[in-house]
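Asks: I have a structure I would like to understand better, so I am pasting it below and will then ask my questions one at a time.
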Amino acid sequence: MTSHAQHLSQILACEADRIQSFGSEYAFYADQLRELADRLDSGRFHLAVLGQFKRGKSTLINALLGEALLPSSVIPLTAIPTLITYGNRRSIRIRFWGDRPDEVVKDGTSSDLYRALLHSVSEEFNPKNEQGVLQVEVTHPAPILAEGVVLIDTPGIGSVHQHNTEMTLNFLARCDAALFLVSADPPITEVEVEFLRVIRDAVTKVFFVLNKVDYLTDDEQKVALTFFETVLHEQAGIQGPVTIFLVSAKRGLAAATTNDAVLWQSSGVAQVSDHLVGFLASEKNTVLRDAITKKARAVLGAVALRLELSRRALEMPLDDLKDRMRMFEAKIREAELQRRHAADVLEGDHKRVAAWLEEEMRVLREQSIAHLMGVA
C-alpha cells in the first residue's frame, strides 16, 4: 500500500472512532468508514458487472473465471449480489439477514457449487428472496482475481422484478469500477441510458462491453459500435474518449472451457481480460483510492447533515417547541374525535341494518305462515 493510501486509511479509522463517540445512532456511519479503511488496507477492489436483464453478465463472468459457475437463466435471477474473490479452492458462503448462520459449500464439484448458487439467487427457487439471503460470496482461483479484484455479479435492471433494479441501484455505492454490458439484440434501450446516467455519477471507472456481436456481420458491428458511442456521449453524458469491447461472451466461455486459444481471441473476451489485467497492474490503486475518497466524503456528508439537524433541533426556542407540541396534541385529539365519530356512524348503521333485517324477517314469517295455513 502506498503512503497516500496509508495516510487515508489512518484518517478514516480516526474519523470512524470520532463519529462512534457521537452515540449509538452514528455507529452505522462509523462502520462504513471502517469498512472503507479495511478495503484500502487490503487493496480489495470492487468491480461490478452491470447491465439490463439478459445482456450476458453472468456468462461474461463465467468466461473470465474459465468455467460455467454462475447460473444464467431465461428468467430473471433474484435481487442478490454475488461477490467473487480469489481463493486457492472453490467455495461458496451464503450470508443471511438476521441471526441465521451462514451456509458454506466447499471442496464440492462445479455442479455442486452451481446448484447451491442456483437455489440461492434464482427467482425460481428463491422468489423475491423469501429465504432472506443477504449476499453470496464465492472464492475461486481465477488469475484475474489474484490482484485483489472482487468481481460482483449484480441483478439485471429492467426486468419484471422491480426489486432487482432497486437492489442494483443501492449496491452502486459499494462499487469502485464497473463493466457495463449492452448487447446487439436489441441495441441500447432508454432504461439502460437512464441507468448509465446514474452510474456516471456513482462509479469512478466504467468499462463498456458490447456483447453478442457474433449475431452481427462485420459491417453491422461497425454500425452498432458507432451508434453505441453516439448514445454514450449525447444521451448518457459520458465525457471524453471511451473504450468499447466487442465480445461474444458465449463463445468466450466455450473457448475457456475447451482451452481453444483461437476461439478465445476471436471471442473478444481475451481483450477484456488483458485490458483488466493491465488496468489492475497500473491503475487499480489510484482508482481505488479515488473511489474510497469519494465514498468517504459521502458518508461524512451524511454525518454532517444529521449533526446539523440535531443542532437545529437543540437551538429551537422552547416556546416554539411547546407550540409544536400543542399542535401535535391537538391533531391527536382531532384524530380521536374523528375515530369516535366514525365508530358512532358505524354503530348507527349497524342498528339500522339490524332493524331492517328484523322487519323483513317478520314479514317473511307472516307470509310463510299464511301460505302454510292455506296449504293445510
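Every chain in the C-alpha cells takes a letter, A first, then B, and so on in the order presented; its residues are numbered from 1, and the ligands are numbered from 1 following the presented order.
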Contacts of A:Ala16 at 9 Å or less, counting only C-alpha atoms, minus same-chain residues fewer than 6 places along, as a VMD selection string?
Replies: chain A and resid 27 29 to 34
Asks: Please produce a file of those selected residues containing C-alpha atoms, as a PDB file, in the first residue's frame.
Replies:
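The resulting file, selection-v6.pdb, is shown below:
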ATOM      1  CA  ALA A  27     -22.474   3.541  14.666  1.00  0.00           C
ATOM      2  CA  TYR A  29     -21.594   5.589   9.681  1.00  0.00           C
ATOM      3  CA  ALA A  30     -18.546   4.601  11.726  1.00  0.00           C
ATOM      4  CA  ASP A  31     -18.819   1.022  10.461  1.00  0.00           C
ATOM      5  CA  GLN A  32     -18.985   2.281   6.874  1.00  0.00           C
ATOM      6  CA  LEU A  33     -15.744   4.234   7.303  1.00  0.00           C
ATOM      7  CA  ARG A  34     -14.017   1.256   8.927  1.00  0.00           C
TER       8      ARG A  34
END
Asks: Go through stretch 159-303 of chain A and collect every residue that DSSP, computed from the backbone, puts in strand (DSSP E or B); the answer should be as a PyMOL selection string.
Replies: chain A and resi 177-183+205-211+244-246
Asks: Between atom CA of A:Ile144 and atom CA of A:Ala281, what is the spacing in Å?
Replies: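 Distance reported for this atom pair: 10.8 Å.
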Asks: Any idea what's packed within 8 Å of A:Val213, counting only C-alpha atoms, ignoring anything in its chain fewer than 2 positions away? Could you give it as a list of chain:residue names?
Replies: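 Close residues of A:Val213: A:Ser183, A:Ala184, A:Leu210, A:Asn211, A:Tyr215, A:Leu216, A:Gln221, A:Leu246, A:Val247, A:Ser248.
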Asks: Just list the residues in stretch 91-301 of chain A DSSP gives alpha helix (DSSP H) on the backbone, as a PyMOL selection string.
Replies: chain A and resi 110-121+162-171+190-202+218-234+249-258+261-267+269-282+284-301
Asks: Hey, what's within 12 Å of A:Ile19 if we count only C-alpha atoms and toss same-chain stuff fewer than 2 positions away? As a PyMOL selection string, please?
Replies: chain A and resi 12-17+21-34+299-300+302-304+306-307
Asks: Can you tell me, as a PyMOL selection string, what residues are no more than 8 Å from A:Lys250 when counting only C-alpha atoms, ignoring any on the same chain fewer than 3 positions away?
Replies: chain A and resi 59-60+63+212+253-254
Asks: Using only C-alpha atoms, pick whichever of A:Lys205, A:Gln20, A:Ser310, A:Ile292 has the shortest atom-to-atom distance to A:Asp38.
Replies: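 Between A:Lys205, A:Gln20, A:Ser310, A:Ile292, the residue approaching A:Asp38 most closely is A:Ile292.
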Asks: Counting only C-alpha atoms, what is within 12 Å of A:Ser3, bar same-chain residues fewer than 4 positions away, as JSON, numbers by chain?
Replies: {"A": [7, 8, 9, 10, 40, 41, 285, 286, 289]}
Asks: Near stretch 228-244 of chain A, counting only C-alpha atoms, which residues have an atom at most 8 Å away, once you skip same-chain residues fewer than 6 positions from it, shown as a VMD selection string?
Replies: chain A and resid 187 to 188 193 to 194 196 to 197 200 207 to 210
Asks: Keeping only C-alpha atoms, write those residues as a short mmCIF file (atom, residue, chain, number, x, y, z; two decimals), in the first residue's frame.
Replies:
data_model
loop_
_atom_site.label_atom_id
_atom_site.label_comp_id
_atom_site.auth_asym_id
_atom_site.auth_seq_id
_atom_site.Cartn_x
_atom_site.Cartn_y
_atom_site.Cartn_z
CA PRO A 187 -29.26 -2.18 -29.09
CA ILE A 188 -29.10 0.06 -26.03
CA VAL A 193 -29.37 5.14 -20.83
CA GLU A 194 -31.04 6.25 -17.59
CA LEU A 196 -25.79 4.93 -17.28
CA ARG A 197 -26.53 8.45 -16.06
CA ARG A 200 -21.67 8.01 -14.35
CA PHE A 207 -15.60 -0.13 -18.96
CA PHE A 208 -18.08 -0.70 -21.80
CA VAL A 209 -18.80 -4.06 -23.43
CA LEU A 210 -20.98 -4.70 -26.49
#
Asks: Quick one: of A:Ala342, A:Leu69, A:Ala173, A:Ala255, who's nearest to A:Val269, counting only C-alpha atoms?
Replies: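 For A:Val269, the nearest of the candidates is A:Ala255.
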